[in-house]
Amino acid sequence: MTEAPEQAIERAVCVYCASSRTAHPEYRAAARRLGEVLAGEGVGIVYGGGAAGSMGALADGALSKGGRVVGILPRFMADLEWGHKGLSDLQLVEDLRTRKHMMLTLSQAAIALPGGSGTLEELLEAITLKRLGLYLNPIVMVNTRGFFAPLLELLARAIEERFMDPRHRMMWQVVATPEEVPAALAAAPAWTAQARSFAAV
């Protein structure tokens with residue numbers, strides 16, 4: 001285990017995902033496949049450092065193909081032995097807030113797999129930072145089992161009700177399968193700090 005660096009990792013993406021062991025097996029299968037796909041593209045993974053559920057499956061998939069996987073783990077989770085023991089690098093941080101910051105700082109895109117409140121909070125924080133022109137990289141949701149459909153409906157409603165601007169739809173891409181992620185990252189619309197000009201509606 002090491003202390004977290006401050007420099008971004010070359011060609012790396014941040015992946016938000018769940019630690020649940022009891023969710024449908026398709027979620028873990030998709031997470032493992034995403035790890036394999038990213039490793040095959042030579043793309044490193046920065047994630048929350050866990051060993052269980054989709055988190056562990058993601059890491060195992062990437063590692064099985066020789067990929068680089070960096071875990072960012074709060075110390076209290078390390079104390080509970082929640083960390084994955086086979087990672088390329090497991091970095092300890094003081095708290096969840098620091099973990100989220102480091103995951104975005106060390107990577108050039110954010111990918112969200114289905115998950116619970118923590119995963120959704122991470123995803124929505126990335127979207128909020130992008131709306132404010134503070135985060136400019138692609139955000140991709142992998143919509144396994146249609147999981148993100150209600151969230152996408154809610155975001156569309158927020159735009160319809162004028163809590164967000166129609167241009168905010170460009171902040172994220174949605175794919176059905178892990179295999180589609182590389183193309184979605186490559187095709188993501190450019191985003192700049194000029195987004196601040198329409199952050200407020």
# chains A, B, ... in the order shown; residues from 1 in each chain; ligands from 1
>>> residues_around(residues="Thr144 in chain A", least_positions_apart="5", cutoff="8 Å", atoms="only C-alpha atoms", output="list in words")
Glu26, Tyr27, Ala30, Leu113, Pro114, Ala176 and Thr177 of chain A
>>> select_by_dssp(residues="range 50-135 of chain A", states="strand (DSSP E or B)", output="PyMOL selection string")
chain A and resi 50+69-74+83+89-93+110-112
>>> write_last_selection(atoms="all heavy atoms", output="tab-separated table (two decimals), in the first residue's frame")
chain	number	residue	atom	x	y	z
A	50	GLY	N	-11.90	-1.91	-3.69
A	50	GLY	CA	-12.54	-3.03	-3.01
A	50	GLY	C	-12.35	-4.36	-3.71
A	50	GLY	O	-12.03	-4.43	-4.90
A	69	VAL	N	-4.35	-1.66	-12.48
A	69	VAL	CA	-5.50	-1.30	-11.66
A	69	VAL	C	-5.00	-0.64	-10.38
A	69	VAL	O	-4.26	-1.24	-9.60
A	69	VAL	CB	-6.36	-2.53	-11.30
A	69	VAL	CG1	-7.60	-2.10	-10.54
A	69	VAL	CG2	-6.73	-3.32	-12.55
A	70	VAL	N	-5.42	0.60	-10.18
A	70	VAL	CA	-5.05	1.36	-8.99
A	70	VAL	C	-6.28	1.54	-8.12
A	70	VAL	O	-7.31	2.05	-8.57
A	70	VAL	CB	-4.47	2.74	-9.37
A	70	VAL	CG1	-4.17	3.56	-8.13
A	70	VAL	CG2	-3.22	2.56	-10.23
A	71	GLY	N	-6.19	1.08	-6.89
A	71	GLY	CA	-7.29	1.24	-5.95
A	71	GLY	C	-7.03	2.42	-5.02
A	71	GLY	O	-5.90	2.63	-4.57
A	72	ILE	N	-8.08	3.19	-4.74
A	72	ILE	CA	-8.00	4.30	-3.79
A	72	ILE	C	-8.91	3.93	-2.62
A	72	ILE	O	-10.13	3.93	-2.75
A	72	ILE	CB	-8.47	5.63	-4.43
A	72	ILE	CG1	-7.80	5.85	-5.79
A	72	ILE	CG2	-8.20	6.78	-3.46
A	72	ILE	CD1	-6.32	6.08	-5.73
A	73	LEU	N	-8.32	3.61	-1.50
A	73	LEU	CA	-9.07	3.03	-0.39
A	73	LEU	C	-8.94	3.88	0.88
A	73	LEU	O	-7.82	4.17	1.32
A	73	LEU	CB	-8.54	1.62	-0.11
A	73	LEU	CG	-9.38	0.74	0.81
A	73	LEU	CD1	-10.66	0.29	0.09
A	73	LEU	CD2	-8.58	-0.48	1.26
A	74	PRO	N	-10.06	4.29	1.46
A	74	PRO	CA	-9.99	4.98	2.76
A	74	PRO	C	-9.41	4.05	3.83
A	74	PRO	O	-9.62	2.84	3.80
A	74	PRO	CB	-11.45	5.31	3.06
A	74	PRO	CG	-12.12	5.33	1.72
A	74	PRO	CD	-11.44	4.25	0.93
A	83	GLY	N	-10.01	-4.14	1.18
A	83	GLY	CA	-9.21	-3.86	0.01
A	83	GLY	C	-8.86	-5.10	-0.79
A	83	GLY	O	-8.72	-6.21	-0.24
A	89	ASP	N	-1.56	-1.30	-7.59
A	89	ASP	CA	-1.23	-0.32	-6.56
A	89	ASP	C	-2.49	-0.07	-5.73
A	89	ASP	O	-3.57	0.13	-6.29
A	89	ASP	CB	-0.75	0.97	-7.21
A	89	ASP	CG	-0.14	1.96	-6.23
A	89	ASP	OD1	0.01	1.61	-5.04
A	89	ASP	OD2	0.18	3.08	-6.65
A	90	LEU	N	-2.36	-0.11	-4.43
A	90	LEU	CA	-3.46	0.22	-3.53
A	90	LEU	C	-3.02	1.40	-2.68
A	90	LEU	O	-2.09	1.29	-1.88
A	90	LEU	CB	-3.82	-0.97	-2.64
A	90	LEU	CG	-5.00	-0.75	-1.68
A	90	LEU	CD1	-6.28	-0.46	-2.45
A	90	LEU	CD2	-5.19	-1.96	-0.77
A	91	GLN	N	-3.67	2.53	-2.88
A	91	GLN	CA	-3.29	3.77	-2.21
A	91	GLN	C	-4.28	4.09	-1.11
A	91	GLN	O	-5.50	4.04	-1.32
A	91	GLN	CB	-3.23	4.90	-3.23
A	91	GLN	CG	-2.24	4.63	-4.35
A	91	GLN	CD	-2.38	5.56	-5.52
A	91	GLN	OE1	-3.16	6.51	-5.48
A	91	GLN	NE2	-1.65	5.30	-6.58
A	92	LEU	N	-3.77	4.41	0.06
A	92	LEU	CA	-4.61	4.72	1.21
A	92	LEU	C	-4.81	6.22	1.33
A	92	LEU	O	-3.87	7.01	1.21
A	92	LEU	CB	-3.97	4.18	2.48
A	92	LEU	CG	-3.83	2.66	2.57
A	92	LEU	CD1	-3.25	2.26	3.92
A	92	LEU	CD2	-5.15	1.95	2.31
A	93	VAL	N	-6.06	6.61	1.59
A	93	VAL	CA	-6.40	8.01	1.80
A	93	VAL	C	-7.21	8.12	3.10
A	93	VAL	O	-7.65	7.12	3.67
A	93	VAL	CB	-7.21	8.58	0.61
A	93	VAL	CG1	-6.35	8.62	-0.65
A	93	VAL	CG2	-8.48	7.78	0.36
A	110	ALA	N	-14.62	9.29	-16.52
A	110	ALA	CA	-15.35	8.61	-15.45
A	110	ALA	C	-16.36	7.66	-16.06
A	110	ALA	O	-17.13	8.05	-16.94
A	110	ALA	CB	-16.06	9.62	-14.54
A	111	ILE	N	-16.35	6.43	-15.59
A	111	ILE	CA	-17.30	5.41	-16.05
A	111	ILE	C	-18.09	4.94	-14.85
A	111	ILE	O	-17.51	4.61	-13.80
A	111	ILE	CB	-16.57	4.23	-16.70
A	111	ILE	CG1	-15.74	4.70	-17.90
A	111	ILE	CG2	-17.55	3.14	-17.12
A	111	ILE	CD1	-14.80	3.64	-18.44
A	112	ALA	N	-19.40	4.88	-14.98
A	112	ALA	CA	-20.25	4.41	-13.90
A	112	ALA	C	-20.90	3.09	-14.27
A	112	ALA	O	-21.58	2.98	-15.30
A	112	ALA	CB	-21.33	5.43	-13.56
>>> closest_residue(among="A:Tyr16, A:Tyr47, A:Phe147, A:Phe198", to="Leu132 in chain A", atoms="only C-alpha atoms")
A:Phe198
>>> select_by_dssp(residues="range 68-183 of chain A", states="helix (DSSP H, G or I)", output="MDAnalysis selection string")
chainID A and resid 75:79 96:105 117:131 144:146 149:160 166:171 178:183
>>> closest_residue(among="A:Ala109, A:Cys17, A:Leu58, A:Ile9", to="Leu136 in chain A", atoms="only C-alpha atoms")
A:Ala109
>>> atom_distance(atom1="CA of Trp172 in chain A", atom2="CA of Ser88 in chain A")
28.6 Å
>>> closest_residue(among="A:Leu34, A:Ala149, A:Ala158, A:Ala190", to="Pro178 in chain A", atoms="only C-alpha atoms")
A:Leu34
>>> residues_around(residues="His168 in chain A", least_positions_apart="5", cutoff="12 Å", atoms="only C-alpha atoms", output="VMD selection string")
chain A and resid 127 to 133 139 155 to 156 158 to 160 162 to 163 173 189 191 195 to 201
>>> write_last_selection(atoms="N, CA, C and O atoms", output="mmCIF file, in the first residue's frame")
data_model
loop_
_atom_site.group_PDB
_atom_site.id
_atom_site.type_symbol
_atom_site.label_atom_id
_atom_site.label_comp_id
_atom_site.auth_asym_id
_atom_site.auth_seq_id
_atom_site.Cartn_x
_atom_site.Cartn_y
_atom_site.Cartn_z
ATOM 1 N N ILE A 127 -21.040 14.600 -12.575
ATOM 2 C CA ILE A 127 -21.914 15.350 -13.479
ATOM 3 C C ILE A 127 -22.024 16.807 -13.019
ATOM 4 O O ILE A 127 -21.978 17.744 -13.833
ATOM 5 N N THR A 128 -22.153 17.020 -11.719
ATOM 6 C CA THR A 128 -22.260 18.378 -11.182
ATOM 7 C C THR A 128 -20.983 19.170 -11.440
ATOM 8 O O THR A 128 -21.027 20.338 -11.859
ATOM 9 N N LEU A 129 -19.828 18.554 -11.217
ATOM 10 C CA LEU A 129 -18.560 19.232 -11.475
ATOM 11 C C LEU A 129 -18.410 19.566 -12.958
ATOM 12 O O LEU A 129 -17.873 20.619 -13.323
ATOM 13 N N LYS A 130 -18.909 18.680 -13.797
ATOM 14 C CA LYS A 130 -18.825 18.939 -15.240
ATOM 15 C C LYS A 130 -19.749 20.096 -15.617
ATOM 16 O O LYS A 130 -19.386 20.962 -16.425
ATOM 17 N N ARG A 131 -20.931 20.133 -15.032
ATOM 18 C CA ARG A 131 -21.859 21.234 -15.294
ATOM 19 C C ARG A 131 -21.209 22.572 -14.947
ATOM 20 O O ARG A 131 -21.411 23.574 -15.638
ATOM 21 N N LEU A 132 -20.417 22.592 -13.894
ATOM 22 C CA LEU A 132 -19.781 23.822 -13.431
ATOM 23 C C LEU A 132 -18.458 24.112 -14.137
ATOM 24 O O LEU A 132 -17.774 25.076 -13.789
ATOM 25 N N GLY A 133 -18.090 23.274 -15.105
ATOM 26 C CA GLY A 133 -16.851 23.486 -15.826
ATOM 27 C C GLY A 133 -15.612 23.176 -15.013
ATOM 28 O O GLY A 133 -14.509 23.590 -15.374
ATOM 29 N N ILE A 139 -17.950 11.272 -19.340
ATOM 30 C CA ILE A 139 -18.653 10.483 -18.314
ATOM 31 C C ILE A 139 -19.525 9.482 -19.059
ATOM 32 O O ILE A 139 -20.351 9.861 -19.889
ATOM 33 N N LEU A 155 -33.059 12.872 -14.948
ATOM 34 C CA LEU A 155 -32.251 13.948 -15.512
ATOM 35 C C LEU A 155 -32.981 14.644 -16.656
ATOM 36 O O LEU A 155 -32.932 15.871 -16.788
ATOM 37 N N ALA A 156 -33.670 13.848 -17.480
ATOM 38 C CA ALA A 156 -34.467 14.439 -18.561
ATOM 39 C C ALA A 156 -35.580 15.314 -17.990
ATOM 40 O O ALA A 156 -35.880 16.387 -18.531
ATOM 41 N N ALA A 158 -35.428 16.895 -15.137
ATOM 42 C CA ALA A 158 -34.790 18.099 -14.619
ATOM 43 C C ALA A 158 -34.566 19.120 -15.735
ATOM 44 O O ALA A 158 -34.719 20.330 -15.524
ATOM 45 N N ILE A 159 -34.227 18.629 -16.925
ATOM 46 C CA ILE A 159 -34.060 19.519 -18.072
ATOM 47 C C ILE A 159 -35.415 20.061 -18.521
ATOM 48 O O ILE A 159 -35.576 21.266 -18.770
ATOM 49 N N GLU A 160 -36.397 19.176 -18.575
ATOM 50 C CA GLU A 160 -37.745 19.582 -18.995
ATOM 51 C C GLU A 160 -38.315 20.651 -18.066
ATOM 52 O O GLU A 160 -38.980 21.600 -18.514
ATOM 53 N N ARG A 162 -36.617 22.756 -16.427
ATOM 54 C CA ARG A 162 -35.718 23.902 -16.467
ATOM 55 C C ARG A 162 -34.874 24.065 -15.199
ATOM 56 O O ARG A 162 -34.521 25.182 -14.819
ATOM 57 N N PHE A 163 -34.549 22.937 -14.584
ATOM 58 C CA PHE A 163 -33.529 22.947 -13.544
ATOM 59 C C PHE A 163 -32.142 22.766 -14.160
ATOM 60 O O PHE A 163 -31.135 23.042 -13.512
ATOM 61 N N GLN A 173 -22.594 10.045 -21.667
ATOM 62 C CA GLN A 173 -22.967 9.081 -22.706
ATOM 63 C C GLN A 173 -23.471 7.823 -21.993
ATOM 64 O O GLN A 173 -23.066 7.527 -20.866
ATOM 65 N N PRO A 189 -18.613 14.345 -26.700
ATOM 66 C CA PRO A 189 -18.490 15.740 -27.135
ATOM 67 C C PRO A 189 -17.476 16.496 -26.284
ATOM 68 O O PRO A 189 -17.352 16.251 -25.081
ATOM 69 N N TRP A 191 -15.898 19.300 -24.013
ATOM 70 C CA TRP A 191 -16.497 20.091 -22.934
ATOM 71 C C TRP A 191 -15.421 21.010 -22.382
ATOM 72 O O TRP A 191 -14.291 20.579 -22.157
ATOM 73 N N ALA A 195 -18.642 25.988 -20.139
ATOM 74 C CA ALA A 195 -19.912 25.446 -19.646
ATOM 75 C C ALA A 195 -20.461 26.297 -18.492
ATOM 76 O O ALA A 195 -21.662 26.274 -18.225
ATOM 77 N N ARG A 196 -19.586 27.034 -17.824
ATOM 78 C CA ARG A 196 -20.052 27.870 -16.725
ATOM 79 C C ARG A 196 -21.025 28.933 -17.203
ATOM 80 O O ARG A 196 -21.846 29.430 -16.435
ATOM 81 N N SER A 197 -20.941 29.281 -18.497
ATOM 82 C CA SER A 197 -21.817 30.335 -19.023
ATOM 83 C C SER A 197 -23.268 29.913 -19.056
ATOM 84 O O SER A 197 -24.168 30.762 -19.104
ATOM 85 N N PHE A 198 -23.516 28.589 -19.032
ATOM 86 C CA PHE A 198 -24.911 28.130 -18.982
ATOM 87 C C PHE A 198 -25.148 27.143 -17.839
ATOM 88 O O PHE A 198 -26.120 26.400 -17.834
ATOM 89 N N ALA A 199 -24.251 27.179 -16.836
ATOM 90 C CA ALA A 199 -24.431 26.294 -15.668
ATOM 91 C C ALA A 199 -25.687 26.686 -14.907
ATOM 92 O O ALA A 199 -26.439 25.816 -14.426
ATOM 93 N N ALA A 200 -25.920 27.980 -14.787
ATOM 94 C CA ALA A 200 -27.140 28.466 -14.132
ATOM 95 C C ALA A 200 -28.225 28.624 -15.182
ATOM 96 O O ALA A 200 -27.974 29.178 -16.254
ATOM 97 N N VAL A 201 -29.407 28.174 -14.865
ATOM 98 C CA VAL A 201 -30.506 28.215 -15.831
ATOM 99 C C VAL A 201 -31.402 29.400 -15.541
ATOM 100 O O VAL A 201 -31.725 29.663 -14.402
#
>>> closest_residue(among="A:Ala51, A:Ala12, A:Ala18, A:Ala188", to="Glu122 in chain A", atoms="only C-alpha atoms")
A:Ala18
>>> atom_distance(atom1="CA of Thr192 in chain A", atom2="CA of Cys14 in chain A")
19.3 Å
>>> closest_residue(among="A:Asp79, A:Glu10, A:Glu179, A:Asp60", to="Val43 in chain A", atoms="only C-alpha atoms")
A:Glu10
>>> atom_distance(atom1="CA of Leu123 in chain A", atom2="CA of Thr22 in chain A")
21.6 Å
>>> residues_around(residues="Glu180 in chain A", least_positions_apart="4", cutoff="10 Å", atoms="only C-alpha atoms", output="list in words")
Leu34, Val37, Val140, Val142, Val174, Val175, Ala176, Ala184 and Leu185 of chain A
